[in-house]
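As provided, protein-v2.pdb (PDB, C-alpha atoms and all ligand atoms) reads as follows.
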```pdb
ATOM      1  CA  MET A 134      34.110   0.473  16.041  1.00  0.00           C
ATOM      2  CA  ALA A 135      31.249   2.934  15.699  1.00  0.00           C
ATOM      3  CA  ILE A 136      29.324   4.347  12.777  1.00  0.00           C
ATOM      4  CA  GLY A 137      29.309   8.122  12.414  1.00  0.00           C
ATOM      5  CA  LEU A 138      26.085   9.502  11.003  1.00  0.00           C
ATOM      6  CA  ASP A 139      25.654  13.048   9.747  1.00  0.00           C
ATOM      7  CA  PHE A 140      22.574  14.798  11.136  1.00  0.00           C
ATOM      8  CA  ASP A 141      21.572  17.209   8.362  1.00  0.00           C
ATOM      9  CA  GLY A 142      20.640  15.256   5.266  1.00  0.00           C
ATOM     10  CA  PRO A 143      20.732  11.610   6.316  1.00  0.00           C
ATOM     11  CA  VAL A 144      18.650  12.089   9.498  1.00  0.00           C
ATOM     12  CA  HIS A 145      17.041  15.552   9.418  1.00  0.00           C
ATOM     13  CA  ARG A 146      15.545  15.932   5.941  1.00  0.00           C
ATOM     14  CA  TYR A 147      17.180  19.373   5.543  1.00  0.00           C
ATOM     15  CA  SER A 148      15.140  20.230   2.443  1.00  0.00           C
ATOM     16  CA  ARG A 149      16.040  23.939   2.529  1.00  0.00           C
ATOM     17  CA  GLY A 150      19.682  23.557   3.523  1.00  0.00           C
ATOM     18  CA  TRP A 151      20.895  25.644   6.452  1.00  0.00           C
ATOM     19  CA  ASP A 152      18.140  28.255   5.920  1.00  0.00           C
ATOM     20  CA  ASP A 153      17.696  30.083   9.253  1.00  0.00           C
ATOM     21  CA  GLY A 154      19.639  27.515  11.283  1.00  0.00           C
ATOM     22  CA  THR A 155      16.610  25.900  12.888  1.00  0.00           C
ATOM     23  CA  ILE A 156      15.786  22.199  12.681  1.00  0.00           C
ATOM     24  CA  TYR A 157      12.686  22.759  10.590  1.00  0.00           C
ATOM     25  CA  ASP A 158      12.066  19.452   8.827  1.00  0.00           C
ATOM     26  CA  PRO A 159      10.832  15.997   9.839  1.00  0.00           C
ATOM     27  CA  PRO A 160      13.192  13.042   9.515  1.00  0.00           C
ATOM     28  CA  ALA A 161      14.411  12.044   6.070  1.00  0.00           C
ATOM     29  CA  GLU A 162      12.445   9.167   4.596  1.00  0.00           C
ATOM     30  CA  GLY A 163      13.431   5.949   6.366  1.00  0.00           C
ATOM     31  CA  ALA A 164      15.772   7.758   8.765  1.00  0.00           C
ATOM     32  CA  VAL A 165      14.217   6.706  12.075  1.00  0.00           C
ATOM     33  CA  GLU A 166      14.034   3.075  11.005  1.00  0.00           C
ATOM     34  CA  GLY A 167      17.523   3.314   9.520  1.00  0.00           C
ATOM     35  CA  VAL A 168      19.067   4.635  12.711  1.00  0.00           C
ATOM     36  CA  HIS A 169      17.428   1.897  14.766  1.00  0.00           C
ATOM     37  CA  GLU A 170      18.679  -0.705  12.296  1.00  0.00           C
ATOM     38  CA  LEU A 171      22.219   0.687  12.511  1.00  0.00           C
ATOM     39  CA  MET A 172      22.011   0.630  16.313  1.00  0.00           C
ATOM     40  CA  LYS A 173      21.362  -3.132  16.196  1.00  0.00           C
ATOM     41  CA  ARG A 174      24.596  -3.592  14.272  1.00  0.00           C
ATOM     42  CA  ASP A 175      26.995  -1.138  15.868  1.00  0.00           C
ATOM     43  CA  ALA A 176      27.328   1.867  18.144  1.00  0.00           C
ATOM     44  CA  VAL A 177      26.072   4.990  16.384  1.00  0.00           C
ATOM     45  CA  PHE A 178      27.015   8.596  16.958  1.00  0.00           C
ATOM     46  CA  ILE A 179      25.301  11.439  15.162  1.00  0.00           C
ATOM     47  CA  PHE A 180      27.586  14.306  14.322  1.00  0.00           C
ATOM     48  CA  THR A 181      26.680  17.851  13.517  1.00  0.00           C
ATOM     49  CA  ALA A 182      28.337  21.211  13.017  1.00  0.00           C
ATOM     50  CA  ARG A 183      25.386  22.800  14.800  1.00  0.00           C
ATOM     51  CA  THR A 184      26.306  24.621  17.991  1.00  0.00           C
ATOM     52  CA  SER A 185      23.341  23.350  20.003  1.00  0.00           C
ATOM     53  CA  LEU A 186      23.660  19.652  20.655  1.00  0.00           C
ATOM     54  CA  LEU A 187      20.677  20.040  22.970  1.00  0.00           C
ATOM     55  CA  LEU A 188      18.346  21.009  20.115  1.00  0.00           C
ATOM     56  CA  VAL A 189      19.590  18.100  17.994  1.00  0.00           C
ATOM     57  CA  GLY A 190      19.203  15.645  20.895  1.00  0.00           C
ATOM     58  CA  ALA A 191      15.706  16.918  21.694  1.00  0.00           C
ATOM     59  CA  TRP A 192      14.680  16.560  18.042  1.00  0.00           C
ATOM     60  CA  LEU A 193      16.030  12.991  17.939  1.00  0.00           C
ATOM     61  CA  ILE A 194      14.215  12.004  21.122  1.00  0.00           C
ATOM     62  CA  GLN A 195      11.019  13.648  19.835  1.00  0.00           C
ATOM     63  CA  HIS A 196      11.259  11.365  16.811  1.00  0.00           C
ATOM     64  CA  GLY A 197      11.891   8.207  18.804  1.00  0.00           C
ATOM     65  CA  ILE A 198      15.675   8.007  18.650  1.00  0.00           C
ATOM     66  CA  PRO A 199      17.226   7.665  22.127  1.00  0.00           C
ATOM     67  CA  ALA A 200      20.078  10.139  22.388  1.00  0.00           C
ATOM     68  CA  LEU A 201      22.790  11.292  24.774  1.00  0.00           C
ATOM     69  CA  LEU A 202      24.613  14.606  24.413  1.00  0.00           C
ATOM     70  CA  ASP A 203      28.400  14.494  24.161  1.00  0.00           C
ATOM     71  CA  ASN A 204      30.029  15.943  27.253  1.00  0.00           C
ATOM     72  CA  GLY A 205      33.432  16.027  25.559  1.00  0.00           C
ATOM     73  CA  ARG A 206      34.805  13.169  27.644  1.00  0.00           C
ATOM     74  CA  HIS A 207      34.233  10.307  25.204  1.00  0.00           C
ATOM     75  CA  GLN A 208      37.345   9.233  23.317  1.00  0.00           C
ATOM     76  CA  PHE A 209      35.171   6.842  21.339  1.00  0.00           C
ATOM     77  CA  TRP A 210      31.581   5.638  21.372  1.00  0.00           C
ATOM     78  CA  ASN A 211      30.631   1.987  21.892  1.00  0.00           C
ATOM     79  CA  ARG A 212      27.139   1.980  23.395  1.00  0.00           C
ATOM     80  CA  ARG A 213      24.297   0.603  21.312  1.00  0.00           C
ATOM     81  CA  GLU A 214      21.247   1.503  23.365  1.00  0.00           C
ATOM     82  CA  LEU A 215      21.403   5.181  22.493  1.00  0.00           C
ATOM     83  CA  VAL A 216      23.112   7.431  19.984  1.00  0.00           C
ATOM     84  CA  LEU A 217      25.681   9.999  21.025  1.00  0.00           C
ATOM     85  CA  VAL A 218      25.102  13.507  19.672  1.00  0.00           C
ATOM     86  CA  THR A 219      28.446  15.153  19.061  1.00  0.00           C
ATOM     87  CA  ASN A 220      30.202  17.868  17.107  1.00  0.00           C
ATOM     88  CA  ARG A 221      33.523  16.013  17.294  1.00  0.00           C
ATOM     89  CA  LYS A 222      34.941  13.622  14.749  1.00  0.00           C
ATOM     90  CA  LEU A 223      35.151  10.462  16.818  1.00  0.00           C
ATOM     91  CA  PRO A 224      36.776   7.235  15.587  1.00  0.00           C
ATOM     92  CA  ALA A 225      34.437   5.332  13.268  1.00  0.00           C
ATOM     93  CA  ARG A 226      34.664   2.489  10.797  1.00  0.00           C
ATOM     94  CA  VAL A 227      32.555   4.539   8.416  1.00  0.00           C
ATOM     95  CA  TYR A 228      30.966   7.961   8.223  1.00  0.00           C
ATOM     96  CA  ILE A 229      27.577   8.308   6.530  1.00  0.00           C
ATOM     97  CA  ASP A 230      27.322  11.846   5.222  1.00  0.00           C
ATOM     98  CA  ASP A 231      25.401  13.457   2.360  1.00  0.00           C
ATOM     99  CA  ARG A 232      28.347  15.691   1.474  1.00  0.00           C
ATOM    100  CA  ALA A 233      31.259  13.306   1.838  1.00  0.00           C
ATOM    101  CA  TYR A 234      33.818  12.434  -0.772  1.00  0.00           C
ATOM    102  CA  ARG A 235      35.807   9.238  -0.344  1.00  0.00           C
ATOM    103  CA  PHE A 236      39.457  10.225  -0.498  1.00  0.00           C
ATOM    104  CA  THR A 237      41.900   7.880  -2.173  1.00  0.00           C
ATOM    105  CA  SER A 238      44.489  10.279  -3.611  1.00  0.00           C
ATOM    106  CA  TRP A 239      44.940  13.976  -4.281  1.00  0.00           C
ATOM    107  CA  ALA A 240      45.169  13.375  -8.000  1.00  0.00           C
ATOM    108  CA  GLN A 241      41.875  11.550  -8.051  1.00  0.00           C
ATOM    109  CA  ALA A 242      40.212  14.132  -5.816  1.00  0.00           C
ATOM    110  CA  PHE A 243      41.156  17.026  -8.089  1.00  0.00           C
ATOM    111  CA  GLU A 244      40.081  15.058 -11.131  1.00  0.00           C
ATOM    112  CA  GLU A 245      36.722  13.993  -9.766  1.00  0.00           C
ATOM    113  CA  LEU A 246      35.767  17.078  -7.818  1.00  0.00           C
ATOM    114  CA  ALA A 247      36.604  19.504 -10.628  1.00  0.00           C
ATOM    115  CA  PHE A 248      37.734  22.411  -8.449  1.00  0.00           C
TER     116      PHE A 248
HETATM  117 MG    MG A 301      24.848  16.814   5.879  1.00  0.00          MG
END
```
Step by step, read the file and then write its structure as C-alpha cells.
Amino acid sequence: MAIGLDFDGPVHRYSRGWDDGTIYDPPAEGAVEGVHELMKRDAVFIFTARTSLLLVGAWLIQHGIPALLDNGRHQFWNRRELVLVTNRKLPARVYIDDRAYRFTSWAQAFEELAF
C-alpha cells in the first residue's frame, strides 16, 4: 500500500505558511532525496489542499521529482516510477504530514491536544 506525503512542510519548505498561496520556497532540506528514497520502497502520492494540482506538479518536476496529476479516477496508487499529485485522501499505510496527530482515542486526543 502507498505512502501519502503532505506537500507543504515535508516537501515544499513552506517557511512562511500559506502566505499569498503561491509555492514560494525551494524544497525542504532533504526532501528531493527523501521522496526518491520513498519511491524505491513504495508507491508515493503527494497530497495537498491546494486547488491547483498543476502548479504543484510543475514545481515537483522542476525540482526533479517525476509527477502525475490525479485525474480523479485512481482508487489507489501503486506506481513507483512517479508520484501522484492529489487532493484526495487515498488509501495509504502511512501519511507523512507536518500537522498530523496520531489518533488512538478521543480521551487521549483531548488530553494531548489541549483544546
Ligand atoms: Mg503541511
Closest to ligand MG 301 (chain A) among A:Arg146, A:Arg212, A:His196, A:Arg221, using all atoms listed in the file?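 Closest candidate: A:Arg146.
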Compute the distance from (23.3, 9.3, 14.4) to each atom, counting all atoms listed in the file, keep the residues with any atom at most 10 Å away, and return them as a count of residues only; use the coordinates of the file. 32
From the set A:Glu245, A:Ala135, A:Ala161, A:Glu170, which residue has the shortest atom-to-atom contact distance to ligand MG 301 (chain A), counting only C-alpha atoms and all ligand atoms? A:Ala161
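Based on all atoms listed in the file, the protein and nucleic acid residues found within 6 Å of ligand MG 301 (chain A) are, by chain and then by number, Asp139, Asp141, Gly142, Asp230, Asp231 and Arg232 of chain A.
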What would the file look like if the residues just selected were written as an mmCIF file, keeping the file's coordinate frame with C-alpha atoms?
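Okay, this is what ended up in selection01.cif:
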```
data_model
loop_
_atom_site.group_PDB
_atom_site.id
_atom_site.type_symbol
_atom_site.label_atom_id
_atom_site.label_comp_id
_atom_site.auth_asym_id
_atom_site.auth_seq_id
_atom_site.Cartn_x
_atom_site.Cartn_y
_atom_site.Cartn_z
ATOM 1 C CA ASP A 139 25.654 13.048 9.747
ATOM 2 C CA ASP A 141 21.572 17.209 8.362
ATOM 3 C CA GLY A 142 20.640 15.256 5.266
ATOM 4 C CA ASP A 230 27.322 11.846 5.222
ATOM 5 C CA ASP A 231 25.401 13.457 2.360
ATOM 6 C CA ARG A 232 28.347 15.691 1.474
#
```
For CA of Ile156 in chain A and CA of Leu201 in chain A, determine how far apart the two atoms are, in Å to one decimal place.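 About the pair CA of Ile156 in chain A and CA of Leu201 in chain A: they are 17.7 Å apart.
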Which is closest to Asp153 in chain A among A:Met134, A:Arg183, A:Asn211, A:Ala242, if we use only C-alpha atoms? A:Arg183
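Here the PyMOL selection byres (((chain A and resi 154) around 12) and not hetatm) matches the residues Asp141, Tyr147, Arg149, Gly150, Trp151, Asp152, Asp153, Thr155, Ile156, Tyr157, Asp158, Ala182, Arg183, Thr184, Ser185, Leu188 and Val189 of chain A.
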Which distance in Å separates CA of Lys222 in chain A and CA of Asp175 in chain A, to one decimal?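 CA of Asp175 in chain A lies 16.8 Å from CA of Lys222 in chain A.
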Evaluated on this file, the PyMOL selection byres (((chain A and resi 209) around 8) and not hetatm) picks out some residues - which ones are they, written as JSON, numbers by chain? {"A": [135, 207, 208, 210, 211, 223, 224]}
Using C-alpha atoms, can you export the residues from the last selection as a compact mmCIF listing (two decimals), in the coordinates of the input?
```
# COMPACT_ATOMS: atom_id res chain seq x y z
CA ALA A 135 31.25 2.93 15.70
CA HIS A 207 34.23 10.31 25.20
CA GLN A 208 37.34 9.23 23.32
CA TRP A 210 31.58 5.64 21.37
CA ASN A 211 30.63 1.99 21.89
CA LEU A 223 35.15 10.46 16.82
CA PRO A 224 36.78 7.24 15.59
```
Distance of CA of Arg213 in chain A from CA of Lys173 in chain A, expressed in Å to one decimal place: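 It comes out at 7.0 Å.
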Mind giving me the axis-aligned box for range 157-162 of chain A with 8 Å on every side, centre plus edges in Å to one decimal, as lines of an AutoDock Vina configuration file?
```
center_x = 12.6
center_y = 16.0
center_z = 7.6
size_x = 19.6
size_y = 29.6
size_z = 22.0
```
Counting only C-alpha atoms, figure out which residue out of A:Phe243, A:Tyr234, A:Trp192, A:Glu166 gets nearest to His145 in chain A. A:Trp192
